[in-house]
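For reference, entry.cif is printed below; it contains mmCIF, C-alpha atoms and all ligand atoms.
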data_query
loop_
_atom_site.label_atom_id
_atom_site.label_comp_id
_atom_site.auth_asym_id
_atom_site.auth_seq_id
_atom_site.Cartn_x
_atom_site.Cartn_y
_atom_site.Cartn_z
CA MET A 1 -26.90 3.06 -14.05
CA SER A 2 -24.66 0.65 -15.93
CA TRP A 3 -20.99 0.05 -16.63
CA HIS A 4 -19.49 2.30 -19.28
CA PRO A 5 -18.98 0.37 -22.53
CA HIS A 6 -15.40 1.61 -23.02
CA LEU A 7 -13.85 1.91 -19.55
CA TRP A 8 -11.85 -0.59 -17.51
CA HIS A 9 -11.63 0.34 -13.81
CA PRO A 10 -8.62 -0.54 -11.61
CA THR A 11 -8.69 -3.46 -9.14
CA THR A 12 -12.39 -3.93 -9.87
CA GLN A 13 -14.18 -7.23 -10.46
CA VAL A 14 -17.08 -6.21 -12.70
CA ALA A 15 -18.94 -9.48 -12.04
CA THR A 16 -19.39 -8.70 -8.35
CA SER A 17 -18.89 -4.95 -7.89
CA PRO A 18 -21.55 -2.26 -7.87
CA VAL A 19 -21.48 0.20 -10.78
CA PRO A 20 -19.11 3.12 -9.95
CA LEU A 21 -20.69 6.26 -8.51
CA GLN A 22 -20.66 9.28 -10.84
CA VAL A 23 -18.78 12.19 -9.27
CA ALA A 24 -19.65 15.63 -10.57
CA ARG A 25 -17.32 17.76 -8.45
CA ALA A 26 -15.41 17.81 -5.21
CA ARG A 27 -14.36 20.46 -2.72
CA GLY A 28 -12.44 20.04 0.55
CA CYS A 29 -13.34 16.64 1.95
CA VAL A 30 -16.62 16.31 0.11
CA LEU A 31 -17.35 14.46 -3.13
CA GLU A 32 -20.54 15.63 -4.80
CA LEU A 33 -22.24 12.99 -6.90
CA GLN A 34 -24.12 13.55 -10.13
CA ASP A 35 -27.38 12.76 -8.35
CA GLY A 36 -26.70 15.50 -5.79
CA ARG A 37 -25.61 13.22 -2.92
CA GLN A 38 -22.59 14.29 -0.90
CA LEU A 39 -19.95 11.95 0.52
CA ILE A 40 -17.07 12.66 2.89
CA ASP A 41 -13.92 11.24 1.30
CA ALA A 42 -12.52 9.57 4.43
CA ILE A 43 -9.61 7.89 2.60
CA SER A 44 -8.33 10.87 0.59
CA SER A 45 -9.17 9.13 -2.70
CA TRP A 46 -6.60 6.31 -2.39
CA TRP A 47 -4.46 8.40 -0.02
CA VAL A 48 -3.57 11.14 -2.50
CA THR A 49 -5.77 14.13 -1.60
CA LEU A 50 -3.56 15.69 1.02
CA HIS A 51 -5.16 19.01 1.93
CA GLY A 52 -8.57 18.71 0.29
CA HIS A 53 -10.15 18.40 -3.13
CA ALA A 54 -9.89 21.41 -5.47
CA GLU A 55 -7.63 23.22 -2.99
CA PRO A 56 -7.68 26.74 -4.49
CA SER A 57 -3.99 27.64 -4.07
CA ILE A 58 -2.84 24.44 -5.80
CA ALA A 59 -5.42 24.83 -8.58
CA ALA A 60 -4.23 28.41 -9.13
CA ALA A 61 -0.56 27.39 -9.18
CA ILE A 62 -1.28 24.76 -11.85
CA GLY A 63 -3.25 27.30 -13.89
CA ARG A 64 -0.42 29.86 -13.77
CA GLN A 65 2.15 27.24 -14.70
CA ALA A 66 0.02 25.91 -17.60
CA LEU A 67 0.12 29.34 -19.21
CA GLN A 68 3.91 29.56 -18.76
CA LEU A 69 5.35 26.12 -19.58
CA GLU A 70 3.19 23.00 -19.58
CA GLN A 71 5.79 20.35 -20.51
CA VAL A 72 9.30 20.06 -21.92
CA ILE A 73 11.68 17.16 -22.49
CA PHE A 74 13.78 16.89 -19.32
CA ALA A 75 16.93 15.55 -20.94
CA ASN A 76 18.84 18.54 -22.44
CA PHE A 77 16.50 20.94 -20.59
CA SER A 78 15.77 21.97 -17.05
CA HIS A 79 13.29 24.46 -15.59
CA GLN A 80 12.62 26.52 -12.50
CA PRO A 81 9.71 24.52 -11.02
CA ALA A 82 11.78 21.30 -11.10
CA GLU A 83 14.84 23.00 -9.64
CA GLN A 84 12.86 24.68 -6.88
CA LEU A 85 11.14 21.42 -5.98
CA ALA A 86 14.45 19.53 -5.90
CA THR A 87 16.02 22.16 -3.66
CA ARG A 88 13.10 22.14 -1.24
CA LEU A 89 12.67 18.37 -1.05
CA ALA A 90 16.42 17.87 -0.62
CA ALA A 91 16.40 20.22 2.37
CA LEU A 92 13.27 18.61 3.85
CA SER A 93 14.22 14.95 3.30
CA GLY A 94 17.97 15.14 3.95
CA LEU A 95 18.60 13.33 0.62
CA GLU A 96 20.35 15.58 -1.84
CA ARG A 97 19.26 14.27 -5.24
CA LEU A 98 15.82 14.07 -6.80
CA PHE A 99 14.91 11.80 -9.72
CA PHE A 100 11.46 12.30 -11.25
CA SER A 101 8.99 9.67 -12.42
CA ASP A 102 5.21 9.35 -12.70
CA ASN A 103 3.67 7.55 -9.72
CA GLY A 104 4.40 5.51 -6.61
CA SER A 105 5.26 2.30 -8.46
CA THR A 106 7.76 4.01 -10.72
CA ALA A 107 9.29 5.88 -7.77
CA VAL A 108 9.92 2.45 -6.21
CA GLU A 109 11.20 0.96 -9.49
CA VAL A 110 13.68 3.82 -9.78
CA ALA A 111 14.85 3.33 -6.19
CA LEU A 112 15.40 -0.40 -6.83
CA LYS A 113 17.22 0.22 -10.10
CA ILE A 114 19.46 2.92 -8.58
CA ALA A 115 20.33 0.64 -5.66
CA TRP A 116 21.02 -2.34 -7.93
CA GLN A 117 23.07 -0.45 -10.51
CA TRP A 118 24.99 1.52 -7.88
CA TRP A 119 26.47 -1.70 -6.56
CA ARG A 120 27.29 -2.84 -10.11
CA ASN A 121 28.92 0.51 -10.89
CA GLN A 122 31.08 -0.11 -7.78
CA GLY A 123 32.10 -3.49 -9.20
CA SER A 124 30.12 -5.32 -6.54
CA ASP A 125 27.87 -8.28 -7.23
CA ARG A 126 25.58 -7.99 -4.17
CA ARG A 127 22.40 -9.66 -5.41
CA GLN A 128 20.02 -9.99 -2.52
CA LEU A 129 17.13 -7.64 -1.80
CA ILE A 130 15.38 -7.84 1.54
CA ALA A 131 11.72 -6.94 1.93
CA PHE A 132 8.96 -7.53 4.46
CA GLU A 133 5.91 -9.75 4.71
CA GLY A 134 2.77 -7.81 3.84
CA ALA A 135 4.70 -5.18 1.89
CA TYR A 136 3.01 -3.43 -1.03
CA HIS A 137 5.21 -1.32 -3.27
CA GLY A 138 3.11 -0.99 -6.43
CA ASP A 139 1.87 -2.86 -9.48
CA THR A 140 4.82 -2.73 -11.90
CA PHE A 141 7.04 -5.82 -12.03
CA GLY A 142 9.94 -4.71 -9.83
CA ALA A 143 7.55 -3.20 -7.30
CA MET A 144 5.44 -6.38 -7.34
CA ALA A 145 8.55 -8.50 -6.83
CA VAL A 146 9.59 -6.70 -3.65
CA GLY A 147 5.95 -6.59 -2.54
CA ASP A 148 4.63 -9.63 -0.73
CA ARG A 149 2.96 -12.26 -2.89
CA SER A 150 -0.80 -11.64 -2.77
CA VAL A 151 -4.03 -11.86 -4.70
CA PHE A 152 -2.85 -8.73 -6.53
CA SER A 153 0.30 -10.35 -7.90
CA ALA A 154 -0.84 -14.01 -8.07
CA PRO A 155 -1.09 -14.34 -11.89
CA PHE A 156 2.47 -13.04 -12.26
CA HIS A 157 4.35 -14.95 -9.56
CA ASP A 158 6.41 -16.90 -12.08
CA LEU A 159 7.74 -13.65 -13.51
CA LEU A 160 8.80 -12.04 -10.22
CA PHE A 161 12.36 -12.15 -8.88
CA ASP A 162 12.96 -13.57 -5.41
CA VAL A 163 13.73 -11.52 -2.35
CA ALA A 164 14.50 -12.48 1.25
CA ARG A 165 11.26 -11.96 3.17
CA ILE A 166 11.26 -10.91 6.82
CA SER A 167 8.21 -10.84 9.09
CA TRP A 168 6.70 -7.42 9.94
CA PRO A 169 5.93 -7.25 13.65
CA HIS A 170 2.97 -4.92 13.45
CA THR A 171 1.30 -3.84 16.61
CA HIS A 172 -1.87 -2.31 18.03
CA TRP A 173 -3.30 -0.98 21.29
CA GLY A 174 -2.84 -3.45 24.11
CA ASP A 175 -0.52 -5.75 22.10
CA ALA A 176 1.31 -8.06 24.53
CA THR A 177 3.42 -9.98 22.00
CA VAL A 178 5.13 -7.26 20.01
CA GLU A 179 8.57 -7.50 21.62
CA GLU A 180 8.76 -11.22 21.03
CA ARG A 181 7.72 -10.82 17.38
CA GLU A 182 10.20 -7.98 16.86
CA ALA A 183 13.01 -10.11 18.25
CA HIS A 184 12.02 -12.92 15.89
CA ALA A 185 11.99 -10.57 12.87
CA LEU A 186 15.42 -9.19 13.78
CA GLN A 187 16.77 -12.71 14.07
CA GLN A 188 15.40 -13.53 10.60
CA LEU A 189 17.02 -10.34 9.33
CA GLU A 190 20.39 -11.21 10.82
CA GLN A 191 20.23 -14.62 9.13
CA ALA A 192 19.25 -13.08 5.79
CA PHE A 193 22.32 -10.83 5.91
CA ALA A 194 24.48 -13.92 5.60
CA VAL A 195 23.90 -13.39 1.85
CA PRO A 196 25.53 -10.21 0.44
CA THR A 197 22.65 -7.75 0.31
CA ALA A 198 22.19 -4.80 -2.04
CA ALA A 199 19.27 -3.15 -0.23
CA VAL A 200 16.48 -3.43 2.29
CA ILE A 201 13.15 -1.90 1.32
CA LEU A 202 10.40 -1.01 3.78
CA GLU A 203 7.36 1.21 4.31
CA PRO A 204 8.32 3.43 7.27
CA LEU A 205 5.99 2.91 10.25
CA ILE A 206 2.87 1.90 8.31
CA GLN A 207 2.39 -0.79 5.70
CA GLY A 208 -0.59 0.70 3.87
CA ALA A 209 -2.15 -1.85 1.55
CA ALA A 210 -1.31 -4.73 3.91
CA GLY A 211 -4.02 -3.29 6.16
CA MET A 212 -2.47 -0.25 7.86
CA HIS A 213 0.00 -2.47 9.71
CA MET A 214 2.00 -0.25 12.07
CA VAL A 215 5.37 -1.04 13.64
CA ARG A 216 7.25 0.70 16.43
CA PRO A 217 9.98 3.21 15.52
CA SER A 218 12.50 1.32 17.66
CA PHE A 219 12.03 -1.78 15.47
CA LEU A 220 12.78 0.20 12.33
CA ARG A 221 15.88 1.71 13.91
CA ALA A 222 17.08 -1.79 14.76
CA VAL A 223 16.54 -2.80 11.12
CA GLU A 224 18.50 0.24 9.95
CA GLU A 225 21.35 -0.48 12.35
CA ARG A 226 21.68 -4.01 11.02
CA ALA A 227 21.47 -2.85 7.40
CA GLN A 228 24.26 -0.36 8.06
CA ALA A 229 26.37 -2.96 9.83
CA HIS A 230 26.12 -5.20 6.76
CA GLY A 231 26.66 -2.35 4.29
CA ALA A 232 23.21 -2.71 2.67
CA LEU A 233 21.34 0.32 1.34
CA LEU A 234 18.04 1.30 2.97
CA ILE A 235 15.12 2.20 0.71
CA ALA A 236 12.16 3.93 2.37
CA ASP A 237 8.95 3.64 0.41
CA GLU A 238 7.15 6.77 1.63
CA VAL A 239 4.58 6.75 -1.16
CA MET A 240 1.78 6.55 1.40
CA THR A 241 3.53 7.75 4.57
CA GLY A 242 5.13 10.90 3.09
CA PHE A 243 3.93 14.47 3.50
CA GLY A 244 2.64 14.43 7.04
CA ARG A 245 0.60 11.25 7.06
CA THR A 246 2.44 9.77 10.05
CA GLY A 247 2.45 13.03 12.04
CA ALA A 248 5.91 14.10 10.81
CA LEU A 249 6.71 15.33 7.33
CA PHE A 250 8.14 11.91 6.51
CA GLY A 251 7.67 8.58 8.28
CA CYS A 252 11.48 8.24 8.37
CA GLN A 253 11.74 11.41 10.43
CA ARG A 254 9.11 10.17 12.86
CA ALA A 255 10.94 6.84 13.16
CA GLY A 256 14.43 8.38 13.31
CA LEU A 257 15.69 6.74 10.10
CA LYS A 258 18.20 8.06 7.61
CA PRO A 259 17.58 6.06 4.41
CA ASP A 260 19.74 6.09 1.28
CA LEU A 261 16.73 6.27 -1.03
CA MET A 262 13.18 7.45 -0.55
CA ALA A 263 10.20 6.94 -2.89
CA LEU A 264 7.51 9.63 -2.81
CA SER A 265 4.27 10.17 -4.70
CA LYS A 266 0.54 10.38 -3.78
CA GLY A 267 0.49 13.51 -1.53
CA LEU A 268 3.47 15.00 -3.41
CA THR A 269 1.28 17.18 -5.63
CA GLY A 270 -1.38 17.50 -2.94
CA GLY A 271 -3.14 14.75 -4.88
CA PHE A 272 -3.75 16.93 -7.95
CA LEU A 273 -1.46 15.37 -10.55
CA PRO A 274 0.33 12.06 -11.03
CA MET A 275 4.01 12.40 -10.17
CA GLY A 276 6.61 10.34 -8.36
CA VAL A 277 10.06 11.23 -7.13
CA THR A 278 12.93 9.17 -5.81
CA MET A 279 15.22 10.99 -3.43
CA ALA A 280 18.79 9.65 -3.32
CA SER A 281 21.88 10.48 -1.31
CA GLU A 282 24.73 12.38 -2.91
CA ARG A 283 26.93 9.29 -2.35
CA LEU A 284 24.66 7.23 -4.63
CA TYR A 285 24.44 10.00 -7.23
CA ARG A 286 28.24 10.22 -7.39
CA GLY A 287 28.40 6.48 -8.10
CA PHE A 288 26.87 7.12 -11.54
CA ILE A 289 29.28 9.84 -12.68
CA SER A 290 31.81 8.22 -14.97
CA GLU A 291 33.42 8.36 -18.40
CA THR A 292 32.05 4.85 -18.96
CA PRO A 293 28.65 5.18 -20.69
CA GLU A 294 27.35 1.93 -19.14
CA GLN A 295 27.52 3.56 -15.70
CA THR A 296 24.80 6.05 -16.69
CA PHE A 297 21.39 5.63 -15.11
CA PHE A 298 19.48 4.94 -18.32
CA HIS A 299 15.98 5.48 -17.05
CA GLY A 300 13.46 8.17 -17.99
CA HIS A 301 9.76 8.74 -18.54
CA SER A 302 8.14 10.99 -21.16
CA PHE A 303 6.57 13.23 -18.54
CA THR A 304 9.63 13.46 -16.29
CA ALA A 305 9.49 16.64 -14.17
CA ASN A 306 6.22 17.80 -15.69
CA PRO A 307 6.11 21.51 -14.79
CA LEU A 308 2.42 21.38 -13.83
CA GLY A 309 3.14 18.59 -11.34
CA CYS A 310 6.12 20.53 -9.97
CA ALA A 311 4.01 23.68 -9.55
CA ALA A 312 1.34 21.67 -7.73
CA ALA A 313 3.98 20.07 -5.48
CA LEU A 314 5.50 23.46 -4.61
CA ALA A 315 2.08 24.88 -3.73
CA SER A 316 1.30 21.78 -1.66
CA LEU A 317 4.59 22.14 0.25
CA ASP A 318 3.73 25.80 0.94
CA LEU A 319 0.50 24.68 2.59
CA LEU A 320 2.19 21.93 4.59
CA GLN A 321 4.95 24.18 5.83
CA HIS A 322 2.59 27.03 6.62
CA ASP A 323 0.51 24.91 8.99
CA PRO A 324 2.48 21.88 10.25
CA VAL A 325 0.27 21.55 13.34
CA ARG A 326 -2.50 20.25 11.10
CA TYR A 327 -0.61 17.02 10.49
CA GLN A 328 1.57 16.97 13.61
CA GLN A 329 -1.37 16.80 15.98
CA PHE A 330 -3.90 14.95 13.89
CA ASN A 331 -3.72 11.82 16.06
CA THR A 332 -5.18 13.75 19.01
CA ARG A 333 -8.36 14.09 16.93
CA HIS A 334 -8.56 10.37 16.14
CA ILE A 335 -7.75 8.98 19.58
CA PRO A 336 -10.91 9.93 21.58
CA LEU A 337 -13.11 8.73 18.72
CA LEU A 338 -11.21 5.46 18.50
CA GLU A 339 -11.53 5.00 22.27
CA GLU A 340 -15.28 5.25 21.91
CA LEU A 341 -15.24 2.73 19.07
CA ALA A 342 -13.16 0.37 21.20
CA GLN A 343 -16.28 -0.31 23.30
CA GLN A 344 -17.78 -2.32 20.42
CA PRO A 345 -17.09 -6.06 20.73
CA LEU A 346 -16.47 -6.48 16.97
CA VAL A 347 -13.72 -3.83 16.98
CA LYS A 348 -10.25 -5.24 17.59
CA ARG A 349 -6.58 -4.36 17.16
CA ILE A 350 -6.96 -0.58 17.08
CA ARG A 351 -3.95 1.47 15.96
CA CYS A 352 -3.28 5.09 15.11
CA GLN A 353 -0.29 6.95 13.74
CA GLY A 354 -0.59 10.61 12.74
CA THR A 355 -3.50 11.02 10.35
CA VAL A 356 -4.05 7.26 9.93
CA ALA A 357 -6.44 5.35 12.19
CA ALA A 358 -7.32 1.68 11.73
CA PHE A 359 -8.97 -1.28 13.40
CA GLU A 360 -10.06 -4.78 12.49
CA LEU A 361 -13.53 -6.24 12.44
CA ASP A 362 -13.27 -9.47 14.34
CA ALA A 363 -14.84 -11.54 11.60
CA GLY A 364 -12.85 -14.66 10.83
CA SER A 365 -10.50 -14.27 7.89
CA THR A 366 -8.06 -11.36 7.74
CA SER A 367 -7.91 -11.70 3.95
CA TYR A 368 -8.32 -8.76 1.57
CA LEU A 369 -11.27 -10.72 0.16
CA ASN A 370 -13.16 -10.88 3.47
CA PRO A 371 -16.59 -9.39 2.55
CA ILE A 372 -17.33 -7.80 5.93
CA GLY A 373 -15.55 -4.58 5.01
CA LYS A 374 -17.76 -4.24 1.94
CA GLN A 375 -20.86 -4.53 4.14
CA LEU A 376 -19.58 -1.71 6.32
CA GLN A 377 -18.69 0.30 3.23
CA ARG A 378 -22.30 0.08 1.96
CA HIS A 379 -23.64 1.17 5.34
CA CYS A 380 -21.28 4.16 5.47
CA LEU A 381 -22.17 5.20 1.92
CA ASP A 382 -25.81 5.35 3.02
CA HIS A 383 -24.65 7.64 5.84
CA GLY A 384 -22.69 10.02 3.61
CA VAL A 385 -19.19 8.64 4.21
CA TYR A 386 -16.87 6.98 1.69
CA LEU A 387 -14.57 4.32 3.15
CA ARG A 388 -12.71 1.52 1.38
CA PRO A 389 -11.84 -1.17 3.93
CA LEU A 390 -9.01 -3.58 3.18
CA GLY A 391 -10.75 -6.90 3.83
CA ASN A 392 -11.71 -6.77 7.50
CA VAL A 393 -9.45 -3.77 8.19
CA VAL A 394 -11.31 -0.48 8.43
CA TYR A 395 -9.25 2.67 8.29
CA LEU A 396 -9.55 6.43 8.07
CA LEU A 397 -6.97 8.49 6.23
CA PRO A 398 -8.78 11.77 5.56
CA PRO A 399 -7.58 14.98 3.92
CA LEU A 400 -5.93 17.35 6.41
CA SER A 401 -8.72 19.91 5.99
CA ILE A 402 -11.41 17.63 7.42
CA SER A 403 -13.41 19.48 10.07
CA ASP A 404 -14.16 18.06 13.52
CA THR A 405 -17.82 17.72 12.54
CA GLN A 406 -16.93 15.81 9.38
CA LEU A 407 -14.54 13.53 11.27
CA GLU A 408 -17.20 12.86 13.89
CA GLN A 409 -19.66 12.06 11.06
CA CYS A 410 -17.22 9.45 9.73
CA TYR A 411 -16.90 7.78 13.13
CA ALA A 412 -20.67 7.97 13.74
CA ALA A 413 -21.30 6.16 10.44
CA ILE A 414 -18.72 3.52 11.38
CA ARG A 415 -20.19 3.12 14.89
CA SER A 416 -23.72 2.56 13.61
CA GLY A 417 -22.40 0.28 10.85
CA VAL A 418 -20.45 -1.86 13.30
CA GLU A 419 -23.52 -2.05 15.57
CA ALA A 420 -25.60 -3.22 12.60
CA LEU A 421 -23.01 -5.93 11.83
CA SER A 422 -22.80 -7.15 15.43
CA PRO A 423 -24.38 -10.55 15.98
C1 LIG B 1 3.66 2.18 -0.04
C2 LIG B 1 3.24 2.23 -1.47
N1 LIG B 1 4.17 2.14 -2.43
C3 LIG B 1 3.86 2.21 -3.74
C4 LIG B 1 2.55 2.35 -4.14
C5 LIG B 1 2.23 2.41 -5.60
O1 LIG B 1 1.85 3.71 -5.94
P1 LIG B 1 1.02 3.98 -7.29
O2 LIG B 1 -0.33 3.39 -7.07
O3 LIG B 1 0.99 5.48 -7.40
O4 LIG B 1 1.76 3.35 -8.39
C6 LIG B 1 1.55 2.45 -3.18
C7 LIG B 1 0.15 2.58 -3.58
O5 LIG B 1 -0.76 2.46 -2.82
C8 LIG B 1 1.90 2.38 -1.80
O6 LIG B 1 0.99 2.46 -0.84
#
Produce C-alpha cells that represent the structure in this file.
Amino acid sequence: MSWHPHLWHPTTQVATSPVPLQVARARGCVLELQDGRQLIDAISSWWVTLHGHAEPSIAAAIGRQALQLEQVIFANFSHQPAEQLATRLAALSGLERLFFSDNGSTAVEVALKIAWQWWRNQGSDRRQLIAFEGAYHGDTFGAMAVGDRSVFSAPFHDLLFDVARISWPHTHWGDATVEEREAHALQQLEQAFAVPTAAVILEPLIQGAAGMHMVRPSFLRAVEERAQAHGALLIADEVMTGFGRTGALFGCQRAGLKPDLMALSKGLTGGFLPMGVTMASERLYRGFISETPEQTFFHGHSFTANPLGCAAALASLDLLQHDPVRYQQFNTRHIPLLEELAQQPLVKRIRCQGTVAAFELDAGSTSYLNPIGKQLQRHCLDHGVYLRPLGNVVYLLPPLSISDTQLEQCYAAIRSGVEALSP
C-alpha cells in the first residue's frame, strides 16, 4: 500500500502518517475496507454521517431528485426542494431566512458577512467581533480569523483580522472550578463590550475541534444576555452541534438561546452531500432590502441550493423528526459506559452532552499534536473501531443508528487500549 501519486489528503502530514485505508463501501455504522476488514465509524466520518452510511431513504431521495432536477442557477430561479427546506428549517430553528452555501466554513463566512454588512447598511460602524478561546469555525480566512489561533492557522496569522477573545469555561464531571472560570469569562466579556461590537460568535454547548469542550447552558445564556444588552448580534455556529448532536435538534434550543444567525452544515444532508446554510432573522434580512444597490448581499456560490443536497436534507429531517428519541436520549447510552471507563487512572475530565462523549488521557500536553491519541487510535483500529482523537482528547460521536452492541464494542476497544497505555 502506498500514497496515491495524484491525491492530496486534508490535514495530513504525509511524512509521518500511515497510508490511508481503502474503503470499498459503508452501511449503517460500518465501513468495509477493500481488504474485507470492517470498522465501526465511531466519529460519524468527521461528524457528518448523522443517521448511518448509505441510509436508504436518503439515497432514494437523492436518486429521485437527480432524475428530476440536478442543479440550476439559484439567482433568477427557485425550486421546490429549496423552498421546502427553507420553510422547514425556519420553523425548526426559529430563524426565518435561509441562505445557502457549500459547507461549514462558508456557512460561517456568510454569517460573519451578513452581520458585518447589516451594521453597515444601518449606517453603523461597529467593528469589533467577539469570539472564544479554543473556537474552531472552519478553514477559510474569515472562519480562521474568528477561530482561535492554532497549528491549523499558524502559517496565515499575519493575514487574519483581530477579534476580542474571551476564555471558554469548559467543564467536565466533578469540576470544582467552573463557576469561578465562568465569572472570569463574563468579566472579560463585559470589558470587551466597551468597544462597539458587531457580533459575538460561539459554538453552542460544545466546541468541537478544540477537544469537545463543553460549557454549561447557564453560561451561554449569560453571554447572550450581555450581547443583547450591548446590542451585539449573536452568531451560533451549529455546524457540529446541529441536528440532534447535543440531545436537542439544535444546541441553541438545548441551551435556551435565541441567536440572530445560525450556521449549519455537516448533518444537514444526513452527511450525504456537501451543503451549508446560514439561518438569519427576518430583522437582518430586512436590513438588506433597499433601492441602493450597495446594500445588496453580494455573495453566492455556484452550487447554491443544489437540489440534490436539498432533497437529502429533507429526507434527513424526515428521519430526525420521525424518531426524535434517538437523539434526545442518546446520552443515557453513553453514561454507564463512561462511568465504567472512569475507573481507569489515565482517564480524566469526562464529559457528555447528547450524542457526544469525551474524556482526556492524562498524558502531559493537551496539544492537538500529543501522540497518545494516535497510539489509542491504532489500538482501536486493530479492534475494529475507527476513532480520531484530538491530541489527548478521545471522543465518540457515532451515527444515531449505532446499536448497543456496536457502542459497547467501541467502549471495549477504548478500555483495552487505555489499559495497554497505562504505565
Ligand atoms: C463548529 C464548526 N464550524 C465550522 C466547521 C467547518 O466546517 P467545514 O469543514 O464543513 O468547512 C467545523 C468543522 O469541523 C466545525 O466543527
- Counting all atoms listed in the file, what is within 10 Å of range 100-104 of chain A, bar same-chain residues fewer than 4 positions away, as number ranges by chain? A: 74, 82, 86, 108-110, 137-140, 143, 237-240, 263-266, 268, 273-279, 299-306, 309-310
- So which residues touch range 324-329 of chain A within 8 Å, counting all atoms listed in the file, skipping near sequence neighbours fewer than 2 positions away, as a PyMOL selection string? chain A and resi 244-248+320-322+331-333+354-355+400
- Task: Between CA of Ala232 in chain A and CA of Arg149 in chain A, measure the distance and give it in Å to one decimal.
- Result: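 Between CA of Ala232 in chain A and CA of Arg149 in chain A the gap works out to 23.1 Å.
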- Taking into account all atoms listed in the file, which residue in the set A:Pro336, A:Pro169, A:Gly287, A:Gly391 is nearest to Asn121 in chain A?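 Under the stated criterion, the closest residue is A:Gly287.
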- Residue nearest ligand LIG 1 (chain B) - candidates A:Gln253, A:Gln377, A:Thr269, A:Gln353, atoms counted: all atoms listed in the file: A:Thr269
- Task: Considering all atoms listed in the file, state which residue in the set A:Ala66, A:Val195, A:Met1, A:Ala313 is at the smallest distance from Gln34 in chain A.
- Result: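 The closest residue to Gln34 in chain A is A:Met1.
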- Message: To one decimal place in Å, what is the distance between CA of Gln117 in chain A and CA of Thr296 in chain A?
- Response: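 It comes out at 9.1 Å.
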- d(CA of Val151 in chain A, CA of Val223 in chain A) in Å: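 Distance between the two atoms: 27.5 Å.
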- Using all atoms listed in the file, find the one residue out of A:Leu341, A:Leu50, A:Val418, A:Ala358 that sits nearest to Ile372 in chain A.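 Of A:Leu341, A:Leu50, A:Val418, A:Ala358, the one nearest Ile372 in chain A, counting all atoms listed in the file, is A:Val418.
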Let me have the centre and edge lengths in Å, one decimal, of the box along x, y and z around every listed atom of range 165-175 of chain A with 6 Å of margin on each side, as JSON.
{"center_x": 4.0, "center_y": -6.5, "center_z": 13.6, "size_x": 26.6, "size_y": 23.0, "size_z": 32.9}
- Task: Give me the residues within 9 Å of Ala311 in chain A as a PyMOL selection string, counting all atoms listed in the file and dropping any in the same chain fewer than 5 places off.
- Result: chain A and resi 58+61-62+64-65+81-82+85+269+306+316
- Task: Using only C-alpha atoms, find the one residue out of A:Arg226, A:Lys374, A:His79, A:Arg349 that sits nearest to Trp173 in chain A.
- Result: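 Of all the options, A:Arg349 lies closest to Trp173 in chain A.
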- Message: Calculated over only C-alpha atoms, which of the candidates A:Leu314, A:Leu95, A:Ile414, A:Ile43 has the smallest distance to Leu261 in chain A?
- Response: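 Once distances to Leu261 in chain A are computed over only C-alpha atoms, the minimum belongs to A:Leu95.
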- For a cut-off of 9 Å around (-8.1, 3.9, 8.5), file coordinates, pick out all residues using all atoms listed in the file and list them as a ChimeraX atom specification. /A:42-43,211-212,351-352,355-359,387-389,393-398
- Message: At a cut-off of 8 Å, using all atoms listed in the file, what residues contact Tyr136 in chain A? Leave out same-chain residues fewer than 3 positions from it and give the result as a list in words.
- Response: Ala143, Met144, Val146, Gly147, Asp148, Gln207, Gly208, Ala209 and Ala210 of chain A
Dump C-alpha atoms for the selected residues as an mmCIF file, in the coordinates of the input?
data_model
loop_
_atom_site.group_PDB
_atom_site.id
_atom_site.type_symbol
_atom_site.label_atom_id
_atom_site.label_comp_id
_atom_site.auth_asym_id
_atom_site.auth_seq_id
_atom_site.Cartn_x
_atom_site.Cartn_y
_atom_site.Cartn_z
ATOM 1 C CA ALA A 143 7.550 -3.200 -7.300
ATOM 2 C CA MET A 144 5.440 -6.380 -7.340
ATOM 3 C CA VAL A 146 9.590 -6.700 -3.650
ATOM 4 C CA GLY A 147 5.950 -6.590 -2.540
ATOM 5 C CA ASP A 148 4.630 -9.630 -0.730
ATOM 6 C CA GLN A 207 2.390 -0.790 5.700
ATOM 7 C CA GLY A 208 -0.590 0.700 3.870
ATOM 8 C CA ALA A 209 -2.150 -1.850 1.550
ATOM 9 C CA ALA A 210 -1.310 -4.730 3.910
#
